[in-house]
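The structure appears below as structure tokens.
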Amino acid sequence: MRFPNILALVFALLFAAAPLDAAFAQLAQTGDFHIVWEVKNRFRLFRNEADFLRLAAASRGDGVLAAERRLERATDGLGWAKDIVADLCLDNFGNLVETCERDGVRENYLAPSNHPIGVTLSGSVPQNANCVWSFDDGGGPSNQTTAPCDQEVRLRVKSGRTTVASVDIPLGDGTAQRVSTEIVVRDVLVAGLGDSIAAGEGNPDKAVELEGGFCFKRFLSGGFSQYFRPSRAGYDDDRSCENGSSSPGAARDWNRHGARWMNPACHRSLYSYQVRTMLALAIEQPHIAVTLVPLACTGAAIDAGMFSGQRADDCPWVTGIETCSGTAPAQFTELRSVMAAVHRQDPKRNLDLVLLTMGANDVNFAGLVANVIVDSTAERILLRQGGAIASVADSLKALNGDLPDEFSQMRTALKPFLGGNLDRVVFVSYPNPAMQAPDKPCPGGRDGLDVHPAFGADSERLRAAAQFVDAKFLPKIKALATCEGNKTCRDPTIDGMTFVDAHQAEFDHHGMCVRAPSDPEFDRHCFSPEGDSFQTDPNAAPDNPMACGEPPGDYRPYASRARWIRTANDSYFTAMTYPEGMPAILKPSDIHDALWGVLSAVYGGAVHPTAEGYAAMADAALPAVRGVLGLSAPPAIQSEPLPPPTGPAPAITPAPVAVPAPQPAAPPDATPPRTP
């Protein structure tokens, strides 16, 4: 009976003889250590890691749209892409460069041989101690380095090869604990194909700047009249119609002060849903690298666009380049060239994913829009002669006639790039731009359209167009992409694409006519719902074209708005495009020409999504992209109430605490824009 008591006393004496503080210290230093690693600057279109970190800082795990709104606030509505567009792996024409210098290292953009990574140690890291790191990829002697245990170690690891990372952590008793992990970077090769919705039309990376007034002529049956609209800031030539110069020098000066695009000829933009989707994936997935091949082009149809070249809608001035070809190559031609470069490094490599939106230009959707918004007889006659106006009957005929066969040909052409299975094509469908609420089209009128005197949405034509989009066009596009009831699919199991349309319901609340008290102050004060936004006095308009008296430069192209669709006013104030690739009958004679008054108001993206709209499309596309690539979503943001106070009641009522999903190392908030 006494033996257990004696044994307990012996154990107590032994433990009392050991220094308890040293024991606890040793236990603390042999805690749950593990290695954490991430790919640095893993959206590979960006040359500079600082740009990636800035976008990552705006992401809080609550979606692309939420991040876009943070960036809009941080840039006072002037847009974040203007600070990045000059630092992409693109040439002056907006084409990919095969070799790109990224953060001071020359890389093969299309087939990288290695990737930059950062490695850190997680756990109760010893303070003021050095850890010994070893990195072994099996291709030779291991790479060893010694660094403070609480410091990130940067290195480059070979693409397609496993690197074993080990670290020896010094402990309090003079020994060390070893922790190891495997590092494998997955490079995701993605092509972005399609038309203006795929390219990001409506949202130049650097919007046009405005000041003063500029004269346009206008067609009338007995001659012409004049009207003034805002001019491009910095343009110093004559702004009047009577004395305005049409010389090449004046045109070049005009072009120098235009909007800037990631790819000018195709109006390709960093705001596109394709870029935003893949950027969001790169931000949330620390172990991948995203190699995006953006090829979508405004104006592209399946025939003229995908299979053959097309006229370029824009030919703006680019630094050091006075002319451009006026054409854009076929997207399949460009894609074959890209994959040939990839196969020189890896003959078996296919695309991991294709993002695609296509079909609207095949049914002349732009002509359908023109039929709705162009109200003046003279302009309607001229545009119809040039093939720029289409009725619902015209579009319906194309939808049921040529489009199914053209879609089948596109499907066949895509297969070789994807190993024969089209479920890796994520087809993102179109939003309906004309809705103010579910089943409720916009009412028509001149709201958002009075930038040109001939514009005004006819309510009957608008309702017919909105019904065509909802009841005919969108269901047909879905059937073609998914092979549901589609006789042109030989084998639906491999011909069907991954289809995305979850954003359509949201757009029903954010059409081009929707207004809100939270809209930017300039919009509320200066864009009149009645259609009288502009000065009509020819003496006052040259200096102050806005009826509200405010300078046009106060417009904020990337401020948050209730409408997710660009109006004609938005298009002019954001891009003011003077398209070059027009039929001869519609070719303007000079920059004051009546036709350029029409075209400049719509060819910069009227009736296309805003940056917020494209962000909402990216939010819809992202789950489908994860599914195709076999990637898991990061942990969702959780909300938990604070515990009840233990002391006196606080002055502020406890609020939920947001616990964000893990993010890559970045500043705590979006940083201010860099000086261009």
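Ordered as shown in the structure tokens, chains take letters A, B, and onward, while each chain numbers its residues from 1 and ligands are numbered from 1 in the order shown.
When DSSP reads the backbone of this structure, the residues of segment 74-224 of chain A it assigns to helix (DSSP H, G or I) are A:Ala74, A:Ala81, A:Lys82, A:Asp83, A:Ser196, A:Ile197, A:Ala198, A:Ala199.
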Counting only C-alpha atoms, what is within 12 Å of Ser632 of chain A, bar same-chain residues fewer than 3 positions away, as a list of chain:residue names?
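Close residues of Ser632 of chain A: A:Leu281, A:Glu284, A:Gln285, A:Pro286, A:His287, A:Leu622, A:Pro623, A:Ala624, A:Val625, A:Arg626, A:Gly627, A:Val628, A:Leu629, A:Pro635, A:Ala636.
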Point-to-point distance in Å for atom CA of Glu49 of chain A and atom CA of Asp103 of chain A:
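Distance between the two atoms: 6.7 Å.
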Nearest to Asp523 of chain A, restricted to only C-alpha atoms and choosing among A:Ala300, A:Leu193, A:Leu96, A:Cys548, comes out as A:Cys548
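Within 6 Å of segment 409-419 of chain A, once only C-alpha atoms are used and residues closer than 3 positions along the same chain are dropped, the contacting residues are Asn350, Leu351 and Glu406 of chain A.
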Tell me which protein, DNA and RNA residues are within 6 Å of Val363 of chain A, counting only C-alpha atoms, leaving out same-chain ones fewer than 6 positions away, and put them as a ChimeraX atom specification.
/A:395,398-399
Writing out the chosen residues with N, CA and C atoms as a PDB file, in the first residue's frame:
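Listed below is the output, selection-v2.pdb:
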```pdb
ATOM      1  N   SER A 395     -31.149  39.515 -87.439  1.00  0.00           N
ATOM      2  CA  SER A 395     -30.316  38.777 -86.485  1.00  0.00           C
ATOM      3  C   SER A 395     -30.844  37.367 -86.256  1.00  0.00           C
ATOM      4  N   ALA A 398     -29.742  35.065 -89.077  1.00  0.00           N
ATOM      5  CA  ALA A 398     -28.352  34.636 -88.932  1.00  0.00           C
ATOM      6  C   ALA A 398     -28.200  33.626 -87.802  1.00  0.00           C
ATOM      7  N   LEU A 399     -28.946  33.820 -86.723  1.00  0.00           N
ATOM      8  CA  LEU A 399     -28.861  32.923 -85.565  1.00  0.00           C
ATOM      9  C   LEU A 399     -29.245  31.500 -85.935  1.00  0.00           C
TER      10      LEU A 399
END
```
Can you measure atom CA of Thr145 of chain A to atom CA of Trp133 of chain A for me? One decimal in Å is fine.
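Straight-line distance from atom CA of Thr145 of chain A to atom CA of Trp133 of chain A works out to 5.2 Å.
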Long-range neighbours of segment 255-261 of chain A as a CSV table (one decimal) with all heavy atoms, in the first residue's frame, 10 Å cut-off, only C-alpha atoms, 5 positions minimum in chain:
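Wrote it out as around09.csv, contents follow:
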```csv
chain,number,residue,atom,x,y,z
A,81,ALA,N,-5.5,50.1,-64.1
A,81,ALA,CA,-4.7,49.5,-65.2
A,81,ALA,C,-3.8,50.5,-65.8
A,81,ALA,O,-2.8,50.1,-66.5
A,81,ALA,CB,-5.7,48.9,-66.2
A,82,LYS,N,-4.1,51.8,-65.7
A,82,LYS,CA,-3.2,52.8,-66.4
A,82,LYS,C,-1.8,52.8,-65.8
A,82,LYS,O,-0.9,53.2,-66.5
A,82,LYS,CB,-3.8,54.2,-66.2
A,82,LYS,CG,-3.9,54.7,-64.7
A,82,LYS,CD,-4.6,56.0,-64.6
A,82,LYS,CE,-4.8,56.4,-63.1
A,82,LYS,NZ,-3.6,56.4,-62.3
A,85,VAL,N,-0.3,49.0,-67.6
A,85,VAL,CA,-0.4,48.6,-69.0
A,85,VAL,C,0.9,48.8,-69.7
A,85,VAL,O,1.2,48.0,-70.7
A,85,VAL,CB,-1.5,49.4,-69.7
A,85,VAL,CG1,-1.2,50.9,-69.8
A,85,VAL,CG2,-1.8,48.9,-71.1
A,86,ALA,N,1.8,49.7,-69.3
A,86,ALA,CA,3.1,49.8,-69.9
A,86,ALA,C,4.1,48.8,-69.5
A,86,ALA,O,5.2,48.8,-70.0
A,86,ALA,CB,3.6,51.2,-69.7
A,93,PHE,N,2.6,47.0,-80.1
A,93,PHE,CA,1.4,46.7,-80.7
A,93,PHE,C,0.4,45.9,-79.9
A,93,PHE,O,-0.7,45.6,-80.3
A,93,PHE,CB,1.6,45.9,-82.0
A,93,PHE,CG,2.4,46.7,-83.1
A,93,PHE,CD1,3.7,46.6,-83.3
A,93,PHE,CD2,1.7,47.6,-83.9
A,93,PHE,CE1,4.4,47.3,-84.2
A,93,PHE,CE2,2.3,48.4,-84.8
A,93,PHE,CZ,3.7,48.2,-85.0
A,94,GLY,N,0.9,45.5,-78.7
A,94,GLY,CA,0.0,44.7,-77.8
A,94,GLY,C,0.1,43.2,-78.0
A,94,GLY,O,-0.7,42.4,-77.6
A,200,GLY,N,-12.7,42.8,-73.5
A,200,GLY,CA,-12.8,43.9,-72.5
A,200,GLY,C,-13.2,45.2,-73.0
A,200,GLY,O,-13.0,46.3,-72.4
A,201,GLU,N,-13.8,45.2,-74.2
A,201,GLU,CA,-14.2,46.5,-74.9
A,201,GLU,C,-15.0,47.4,-73.9
A,201,GLU,O,-15.7,46.9,-73.1
A,201,GLU,CB,-15.1,46.1,-76.1
A,201,GLU,CG,-15.6,47.3,-76.9
A,201,GLU,CD,-14.6,48.2,-77.5
A,201,GLU,OE1,-13.9,49.0,-76.8
A,201,GLU,OE2,-14.3,48.0,-78.7
A,203,ASN,N,-13.5,49.5,-71.9
A,203,ASN,CA,-12.7,49.9,-70.7
A,203,ASN,C,-11.2,49.9,-71.1
A,203,ASN,O,-10.4,49.1,-70.8
A,203,ASN,CB,-12.9,48.8,-69.6
A,203,ASN,CG,-14.3,48.7,-69.2
A,203,ASN,OD1,-14.7,49.4,-68.3
A,203,ASN,ND2,-15.1,47.8,-69.8
A,204,PRO,N,-10.8,51.0,-71.7
A,204,PRO,CA,-9.4,51.2,-72.1
A,204,PRO,C,-8.5,51.2,-70.8
A,204,PRO,O,-9.0,51.6,-69.7
A,204,PRO,CB,-9.3,52.5,-72.8
A,204,PRO,CG,-10.5,53.3,-72.4
A,204,PRO,CD,-11.6,52.2,-72.1
A,205,ASP,N,-7.3,50.6,-70.9
A,205,ASP,CA,-6.5,50.6,-69.7
A,205,ASP,C,-6.1,52.0,-69.2
A,205,ASP,O,-6.0,52.2,-68.0
A,205,ASP,CB,-5.2,49.8,-70.1
A,205,ASP,CG,-5.5,48.4,-70.5
A,205,ASP,OD1,-5.7,47.5,-69.7
A,205,ASP,OD2,-5.6,48.2,-71.8
A,206,LYS,N,-6.0,52.9,-70.1
A,206,LYS,CA,-5.8,54.3,-69.7
A,206,LYS,C,-6.9,55.1,-70.5
A,206,LYS,O,-6.8,55.2,-71.7
A,206,LYS,CB,-4.4,54.8,-70.1
A,206,LYS,CG,-4.2,56.3,-69.6
A,206,LYS,CD,-2.8,56.7,-70.0
A,206,LYS,CE,-2.5,58.1,-69.4
A,206,LYS,NZ,-3.4,59.1,-70.0
A,207,ALA,N,-7.9,55.6,-69.8
A,207,ALA,CA,-9.0,56.3,-70.4
A,207,ALA,C,-8.5,57.6,-71.1
A,207,ALA,O,-7.5,58.2,-70.7
A,207,ALA,CB,-10.1,56.6,-69.4
A,208,VAL,N,-9.3,58.1,-72.0
A,208,VAL,CA,-9.0,59.4,-72.7
A,208,VAL,C,-9.2,60.5,-71.6
A,208,VAL,O,-10.1,60.4,-70.7
A,208,VAL,CB,-9.9,59.6,-73.9
A,208,VAL,CG1,-11.4,59.7,-73.5
A,208,VAL,CG2,-9.5,60.7,-74.7
A,209,GLU,N,-8.4,61.5,-71.7
A,209,GLU,CA,-8.6,62.7,-70.9
A,209,GLU,C,-9.3,63.8,-71.7
A,209,GLU,O,-9.1,64.0,-72.9
A,209,GLU,CB,-7.3,63.2,-70.4
A,209,GLU,CG,-6.6,62.2,-69.5
A,209,GLU,CD,-5.2,62.7,-69.0
A,209,GLU,OE1,-5.1,64.0,-68.9
A,209,GLU,OE2,-4.3,61.9,-68.7
A,210,LEU,N,-10.2,64.5,-71.1
A,210,LEU,CA,-11.1,65.5,-71.7
A,210,LEU,C,-10.9,66.9,-71.3
A,210,LEU,O,-10.6,67.1,-70.1
A,210,LEU,CB,-12.6,65.1,-71.5
A,210,LEU,CG,-13.0,63.6,-71.8
A,210,LEU,CD1,-14.4,63.3,-71.4
A,210,LEU,CD2,-12.8,63.3,-73.3
A,231,SER,N,-13.5,67.7,-76.0
A,231,SER,CA,-12.4,67.4,-76.8
A,231,SER,C,-11.4,66.6,-76.0
A,231,SER,O,-11.4,66.5,-74.8
A,231,SER,CB,-11.7,68.7,-77.3
A,231,SER,OG,-10.5,68.4,-78.0
A,232,ARG,N,-10.4,65.9,-76.8
A,232,ARG,CA,-9.3,65.3,-76.1
A,232,ARG,C,-8.4,66.3,-75.5
A,232,ARG,O,-7.9,67.2,-76.2
A,232,ARG,CB,-8.6,64.4,-77.1
A,232,ARG,CG,-9.4,63.2,-77.6
A,232,ARG,CD,-8.5,62.3,-78.6
A,232,ARG,NE,-9.3,61.1,-79.0
A,232,ARG,CZ,-8.8,60.2,-79.8
A,232,ARG,NH1,-7.6,60.3,-80.3
A,232,ARG,NH2,-9.6,59.2,-80.1
A,233,ALA,N,-8.0,66.1,-74.3
A,233,ALA,CA,-7.1,67.0,-73.6
A,233,ALA,C,-5.8,67.0,-74.3
A,233,ALA,O,-5.3,65.9,-74.6
A,233,ALA,CB,-7.0,66.7,-72.1
A,234,GLY,N,-5.2,68.1,-74.4
A,234,GLY,CA,-3.8,68.2,-75.0
A,234,GLY,C,-3.8,68.4,-76.5
A,234,GLY,O,-2.8,68.7,-77.1
A,235,TYR,N,-5.0,68.3,-77.2
A,235,TYR,CA,-5.1,68.5,-78.6
A,235,TYR,C,-5.1,70.0,-78.9
A,235,TYR,O,-6.0,70.7,-78.5
A,235,TYR,CB,-6.3,67.8,-79.2
A,235,TYR,CG,-6.5,68.1,-80.7
A,235,TYR,CD1,-5.7,67.6,-81.6
A,235,TYR,CD2,-7.6,68.9,-81.1
A,235,TYR,CE1,-5.9,67.8,-83.0
A,235,TYR,CE2,-7.8,69.1,-82.5
A,235,TYR,CZ,-6.9,68.6,-83.4
A,235,TYR,OH,-7.1,68.8,-84.7
A,249,GLY,N,-0.8,65.6,-90.0
A,249,GLY,CA,-0.2,66.0,-88.8
A,249,GLY,C,-1.3,66.2,-87.7
A,249,GLY,O,-1.1,65.9,-86.6
A,250,ALA,N,-2.4,66.8,-88.1
A,250,ALA,CA,-3.5,67.1,-87.2
A,250,ALA,C,-4.1,65.8,-86.7
A,250,ALA,O,-4.3,65.6,-85.5
A,250,ALA,CB,-4.6,67.9,-87.8
A,266,CYS,N,-7.3,45.6,-81.2
A,266,CYS,CA,-8.4,44.7,-80.8
A,266,CYS,C,-9.1,45.2,-79.6
A,266,CYS,O,-10.0,44.6,-79.1
A,266,CYS,CB,-7.9,43.3,-80.5
A,266,CYS,SG,-7.4,42.4,-82.0
A,267,HIS,N,-8.7,46.4,-79.1
A,267,HIS,CA,-9.3,47.0,-77.8
A,267,HIS,C,-9.3,45.9,-76.7
A,267,HIS,O,-10.3,45.8,-76.0
A,267,HIS,CB,-10.7,47.5,-78.1
A,267,HIS,CG,-10.7,48.9,-78.7
A,267,HIS,ND1,-11.9,49.6,-78.7
A,267,HIS,CD2,-9.8,49.6,-79.3
A,267,HIS,CE1,-11.6,50.8,-79.3
A,267,HIS,NE2,-10.3,50.8,-79.7
A,268,ARG,N,-8.1,45.3,-76.6
A,268,ARG,CA,-8.0,44.3,-75.5
A,268,ARG,C,-7.6,45.0,-74.3
A,268,ARG,O,-6.7,45.9,-74.3
A,268,ARG,CB,-6.9,43.3,-76.0
A,268,ARG,CG,-7.1,41.9,-75.5
A,268,ARG,CD,-6.0,41.0,-76.2
A,268,ARG,NE,-6.3,40.7,-77.6
A,268,ARG,CZ,-5.4,40.5,-78.5
A,268,ARG,NH1,-4.1,40.6,-78.2
A,268,ARG,NH2,-5.7,40.3,-79.7
A,269,SER,N,-8.1,44.6,-73.1
A,269,SER,CA,-8.0,45.4,-71.9
A,269,SER,C,-7.7,44.5,-70.7
A,269,SER,O,-8.2,43.4,-70.6
A,269,SER,CB,-9.3,46.2,-71.7
A,269,SER,OG,-9.3,46.8,-70.4
A,270,LEU,N,-7.0,45.0,-69.8
A,270,LEU,CA,-6.7,44.4,-68.5
A,270,LEU,C,-8.0,44.2,-67.7
A,270,LEU,O,-8.1,43.4,-66.7
A,270,LEU,CB,-5.7,45.1,-67.7
A,270,LEU,CG,-4.2,45.0,-68.1
A,270,LEU,CD1,-3.3,46.0,-67.4
A,270,LEU,CD2,-3.7,43.6,-68.0
A,315,CYS,N,-6.9,52.3,-84.7
A,315,CYS,CA,-5.5,52.4,-85.1
A,315,CYS,C,-4.9,53.6,-84.4
A,315,CYS,O,-4.4,54.5,-85.1
A,315,CYS,CB,-5.4,52.5,-86.6
A,315,CYS,SG,-3.7,52.3,-87.3
A,316,PRO,N,-4.8,53.6,-83.1
A,316,PRO,CA,-4.3,54.8,-82.4
A,316,PRO,C,-2.8,54.9,-82.5
A,316,PRO,O,-2.1,54.0,-82.8
A,316,PRO,CB,-4.8,54.5,-81.0
A,316,PRO,CG,-4.8,53.0,-80.9
A,316,PRO,CD,-5.2,52.5,-82.2
A,317,TRP,N,-2.4,56.1,-82.1
A,317,TRP,CA,-0.9,56.4,-82.2
A,317,TRP,C,-0.3,55.6,-81.0
A,317,TRP,O,-0.8,55.6,-79.9
A,317,TRP,CB,-0.7,57.9,-82.0
A,317,TRP,CG,0.7,58.3,-82.0
A,317,TRP,CD1,1.5,58.5,-83.1
A,317,TRP,CD2,1.6,58.5,-80.9
A,317,TRP,NE1,2.8,58.9,-82.7
A,317,TRP,CE2,2.8,58.9,-81.4
A,317,TRP,CE3,1.4,58.4,-79.5
A,317,TRP,CZ2,3.9,59.2,-80.5
A,317,TRP,CZ3,2.4,58.7,-78.7
A,317,TRP,CH2,3.7,59.1,-79.2
A,318,VAL,N,0.9,55.0,-81.3
A,318,VAL,CA,1.7,54.3,-80.3
A,318,VAL,C,3.1,54.9,-80.4
A,318,VAL,O,3.6,55.3,-81.4
A,318,VAL,CB,1.8,52.8,-80.6
A,318,VAL,CG1,2.6,52.1,-79.6
A,318,VAL,CG2,0.4,52.2,-80.6
A,319,THR,N,3.7,55.0,-79.2
A,319,THR,CA,5.0,55.7,-79.1
A,319,THR,C,6.0,55.1,-80.1
A,319,THR,O,6.2,53.9,-80.2
A,319,THR,CB,5.6,55.5,-77.7
A,319,THR,OG1,4.7,56.0,-76.8
A,319,THR,CG2,6.9,56.2,-77.6
A,322,GLU,N,4.1,55.5,-86.3
A,322,GLU,CA,3.2,56.4,-86.9
A,322,GLU,C,2.1,55.8,-87.6
A,322,GLU,O,1.0,56.4,-87.9
A,322,GLU,CB,4.0,57.3,-87.9
A,322,GLU,CG,5.0,58.2,-87.2
A,322,GLU,CD,4.4,59.2,-86.2
A,322,GLU,OE1,3.3,59.6,-86.4
A,322,GLU,OE2,5.1,59.5,-85.2
A,574,THR,N,-15.0,57.8,-72.0
A,574,THR,CA,-14.0,56.9,-71.6
A,574,THR,C,-13.0,56.6,-72.7
A,574,THR,O,-11.8,56.6,-72.4
A,574,THR,CB,-14.7,55.6,-71.1
A,574,THR,OG1,-15.6,55.9,-70.1
A,574,THR,CG2,-13.6,54.6,-70.6
A,575,ALA,N,-13.4,56.4,-73.9
A,575,ALA,CA,-12.5,56.0,-75.0
A,575,ALA,C,-12.5,56.9,-76.2
A,575,ALA,O,-11.5,57.1,-76.8
A,575,ALA,CB,-12.9,54.6,-75.4
A,576,MET,N,-13.6,57.5,-76.6
A,576,MET,CA,-13.7,58.4,-77.7
A,576,MET,C,-12.9,57.9,-78.9
A,576,MET,O,-12.0,58.4,-79.4
A,576,MET,CB,-13.2,59.8,-77.4
A,576,MET,CG,-13.7,60.9,-78.3
A,576,MET,SD,-12.9,62.5,-78.1
A,576,MET,CE,-13.2,62.9,-76.4
A,577,THR,N,-13.3,56.7,-79.4
A,577,THR,CA,-12.6,56.0,-80.4
A,577,THR,C,-13.1,56.4,-81.8
A,577,THR,O,-14.2,56.7,-82.1
A,577,THR,CB,-13.0,54.5,-80.3
A,577,THR,OG1,-12.5,54.0,-79.0
A,577,THR,CG2,-12.3,53.7,-81.4
A,578,TYR,N,-12.1,56.6,-82.7
A,578,TYR,CA,-12.3,56.9,-84.1
A,578,TYR,C,-11.9,55.7,-84.9
A,578,TYR,O,-10.7,55.5,-85.3
A,578,TYR,CB,-11.5,58.1,-84.5
A,578,TYR,CG,-12.1,59.4,-84.0
A,578,TYR,CD1,-12.3,59.7,-82.6
A,578,TYR,CD2,-12.6,60.3,-84.9
A,578,TYR,CE1,-12.9,60.8,-82.2
A,578,TYR,CE2,-13.2,61.5,-84.5
A,578,TYR,CZ,-13.3,61.7,-83.1
A,578,TYR,OH,-13.9,62.9,-82.7
A,604,GLY,N,-16.2,53.0,-78.8
A,604,GLY,CA,-15.3,52.8,-77.7
A,604,GLY,C,-15.9,51.9,-76.6
A,604,GLY,O,-15.4,51.8,-75.5
```
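Among the candidate residues A:Ala437, A:Leu462, A:Ala611, A:Val428, the one lying nearest to Ser272 of chain A is A:Ala611, with distances computed using only C-alpha atoms.
In this comparison, which uses only C-alpha atoms, the residue of A:Ala280, A:Val167, A:Val190, A:Ala289 approaching Gln144 of chain A most closely is A:Val167.
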Report as a PyMOL selection string all protein, DNA and RNA residues lying within 9 Å of Ala67 of chain A, evaluated on only C-alpha atoms, omitting residues in the same chain fewer than 5 positions from it.
chain A and resi 55-62+72+615
Mind checking which residues fall within 10 Å of segment 34-36 of chain A, counting only C-alpha atoms, ignoring those fewer than 3 positions away in the same chain, and posting them as a PyMOL selection string?
chain A and resi 31+118-123+152+165-167+178-183+286
